Amino acid sequence: MAERDLIIRRGPPLAMPQEERAPNLVALIWRLVDGHPDQEAIRWKDGDNGWVSRSYGQLGEWVSRVSAGLAGIGVEGGTRVAIVCASRPEWLVCDLASLALGAVTCPIHPAESAELIEVMLRNVDAEVVLVESRQELTKVAAIRASCPSIREVVVIDDGAEPSEGARRLADIVPVAVEPEREVAWRAGWGAIGPDAVATIVHTSGTTGRPKGVVLTHGNILHNCYAAVQAIPFTMDDVALTILPLSHMYARSAGMFAPLGIGVPVAFAEPVMERWASNLAEVRPTVMLTVPPFFQRIHRRVMNDVERRPALQQRLFRWAVSLGPQRYERHLAGKGRGLALGWQLWLANWLVFGPIKRQTGGRLRFFACGGAPLPREVGEFFYAMDMVILEGYGLSETAPFLTLNTPEDVKFGSVGHPFAETEIGIDRATGEILARGPQVMRGYLNLPEETAAAIDAEGWFHTGDIGEFDDDGRLLITDRIKNLIVLSNGKKVTPAPMETALLASPYIAQAVVVGEGRERTGVLVAPDRQHVAEWARSAGLGMDPNGARIFESDEVQALIEGEVRRLLASFPAYERPRRVALLPRPLSEAEGEVTALGKPKRTVVLAHWPDAVARLFPSRAGQLGS
């Protein structure tokens, strides 16, 4: 495609001189291991022992020993090492230990089904599989016979007894590494260049079968340096990670980027219900997450306020109203001003202080990706001096392409292009194209799909639709494969409506459907807690924990009313005609959503045919237009 067909925006040069850049990911971390060995690197919750940490020197020694253990079972340059494990310190250590041997790490989220794990292991020809615990070992053992490339399975958890022909990591790791072996090992990873393959990460499969994305050390390093240039980290920062390291978003921007400049990273506990406590205990200053995290906090706060006395409710509404005022002044290039600044100080003292203390009281900003963020949620946090920086990227770009910055944030946009990154919009189709050092080498074993994704001029075709605003920020509309073509030929982009619906406290998930139909419909998974509380306050006389509530006409009417209210500004032909309620939330375990919470549309349609049928009966009433 010729450049004249594109609207192009370019990011700034990368500020770090070429000669100062690390040649590989191990070298990136080892600059801190050698230069600041006593500085804290990682922190995690260790059962009854509370929060424990390791310095860069201790992290380096840990990685060295695990690397020696992996070498002892035959891991070497080019070996495909799969990691089937939740985010924990050992994930990082095993990743670095494998990379230091020249191996290629192939992460797999542990919640994936055994069938999908088999597909991924076979695709990468995994030779060594590192599993977290007995649960993941059972999955791998069930499909090992159909994966002939596997020669070693190693269990990370010290408490898991090895079986099924597996070893335990603690049993293969030496107590210490001989000095001469350490020297040779360091020389080995020191010779790895940025063009060497570092990892193969599978796409989320939201629009089809997962594909193996081949990324080099240089792809990921560029994202680290560009992220640090865009985000004003300081040596006083502490990052908290809650996202799965099997995704490049958390691994690149949430792990390698901060650790590479000396910002310690704390691992949240693997149970979502503990994250609130983790925030209060770690008191992070920066955090990477996804929109549902903020929406849950926003809903919880708003629900709590609804139970307060009328005076407190009015005070809260006044405090929240300052967020849009401050944001509008920011968009106009103005400061807070004396009057608004005083009101924000008073609101922080009277209203926001207790809320901020629940997050540790020190958060400066969040980086947020994965899905659009409702503006009202962004403004709510903005009023509290906690800025949400929306960004955009894909596994194929390691992952970031664009990002808002604290000084130039605009909710609803995903910011300007990263350093040394070009973003193009195809004038004919609206597709977003990208070109830069972070673009993948290609899809594993899929030369035709690679050629279709990366054209002769080096443009990566993202499959997403977008546009630039007047200031050159990128706005994401939807995915091309998500476009709904109605029977009359009109095209509907479902993502903006799905995002708008999540502003309701009664809607947990929403999927707009309607391909080939006269009008769209929407599948809704109600927020069970808020709906049950609404039912109780409405005096419906039902058991708040019973399924009857979610099958009632009253709840159906409640959700339909929310859909009408929140989608009133959308064109009439786009708005759903009917609403079908799902009896349970869409589940990652069932393969219906990704680990980042994005619905897999094709899976949802396949799993809920009866609900879809209710949306499109031959004759029925319809939602008001």
# chains A, B, ... in the order shown; residues from 1 in each chain; ligands from 1
call {"tool": "residues_around", "arguments": {"residues": "Cys94 of chain A", "least_positions_apart": "2", "cutoff": "9 Å", "atoms": "only C-alpha atoms", "output": "JSON, numbers by chain"}}
result
{"A": [63, 66, 67, 70, 83, 89, 90, 91, 92, 96, 97, 98, 99, 105, 130]}
call {"tool": "closest_atom_pairs", "arguments": {"of": "segment 309-357 of chain A", "to": "segment 270-278 of chain A", "cutoff": "12 Å", "atoms": "only C-alpha atoms", "output": "JSON lines"}}
result
{"residue": "A:Ile355", "atom": "CA", "partner": "A:Ala276", "partner_atom": "CA", "distance": 11.2}
{"residue": "A:Lys356", "atom": "CA", "partner": "A:Ala276", "partner_atom": "CA", "distance": 11.4}
{"residue": "A:Arg357", "atom": "CA", "partner": "A:Ala276", "partner_atom": "CA", "distance": 10.5}
call {"tool": "closest_residue", "arguments": {"among": "A:Val52, A:Leu444, A:Ile507, A:Val492", "to": "Phe267 of chain A", "atoms": "only C-alpha atoms"}}
result
A:Val52
call {"tool": "residues_around", "arguments": {"residues": "Thr397 of chain A", "least_positions_apart": "2", "cutoff": "6 Å", "atoms": "only C-alpha atoms", "output": "number ranges by chain"}}
result
A: 394-395, 399, 438-440
call {"tool": "closest_residue", "arguments": {"among": "A:Val213, A:Met384, A:Ala606, A:Ile425", "to": "Glu449 of chain A", "atoms": "only C-alpha atoms"}}
result
A:Val213
call {"tool": "select_by_dssp", "arguments": {"residues": "segment 346-380 of chain A", "states": "strand (DSSP E)", "output": "count of residues only"}}
result
4
call {"tool": "atom_distance", "arguments": {"atom1": "atom CA of Arg88 of chain A", "atom2": "atom CA of Arg65 of chain A"}}
result
17.5 Å
call {"tool": "residues_around", "arguments": {"residues": "Leu433 of chain A", "least_positions_apart": "3", "cutoff": "10 Å", "atoms": "only C-alpha atoms", "output": "PyMOL selection string"}}
result
chain A and resi 6-8+422-426+430+453-455+458-466
call {"tool": "atom_distance", "arguments": {"atom1": "atom CA of Thr359 of chain A", "atom2": "atom CA of Glu269 of chain A"}}
result
15.0 Å
call {"tool": "residues_around", "arguments": {"residues": "segment 589-599 of chain A", "least_positions_apart": "2", "cutoff": "7 Å", "atoms": "only C-alpha atoms", "output": "compact mmCIF listing (two decimals) with C-alpha atoms, in the first residue's frame"}}
result
# COMPACT_ATOMS: atom_id res chain seq x y z
CA ALA A 111 -6.38 -20.81 33.04
CA GLU A 112 -6.39 -22.01 29.43
CA SER A 204 -5.75 -13.93 22.70
CA THR A 206 -10.80 -12.98 20.41
CA VAL A 290 -7.32 -2.78 32.52
CA GLY A 370 -7.06 -3.66 26.67
CA LEU A 586 -18.83 -14.74 30.85
CA SER A 587 -15.96 -16.87 32.07
CA ARG A 601 -17.24 -12.94 20.37
CA VAL A 603 -17.07 -18.28 21.52
CA VAL A 604 -19.83 -16.31 23.21
call {"tool": "residues_around", "arguments": {"residues": "Gly360 of chain A", "least_positions_apart": "6", "cutoff": "6 Å", "atoms": "only C-alpha atoms", "output": "PyMOL selection string"}}
result
chain A and resi 279-280+283
call {"tool": "atom_distance", "arguments": {"atom1": "atom CA of Trp345 of chain A", "atom2": "atom CA of Pro324 of chain A"}}
result
15.5 Å
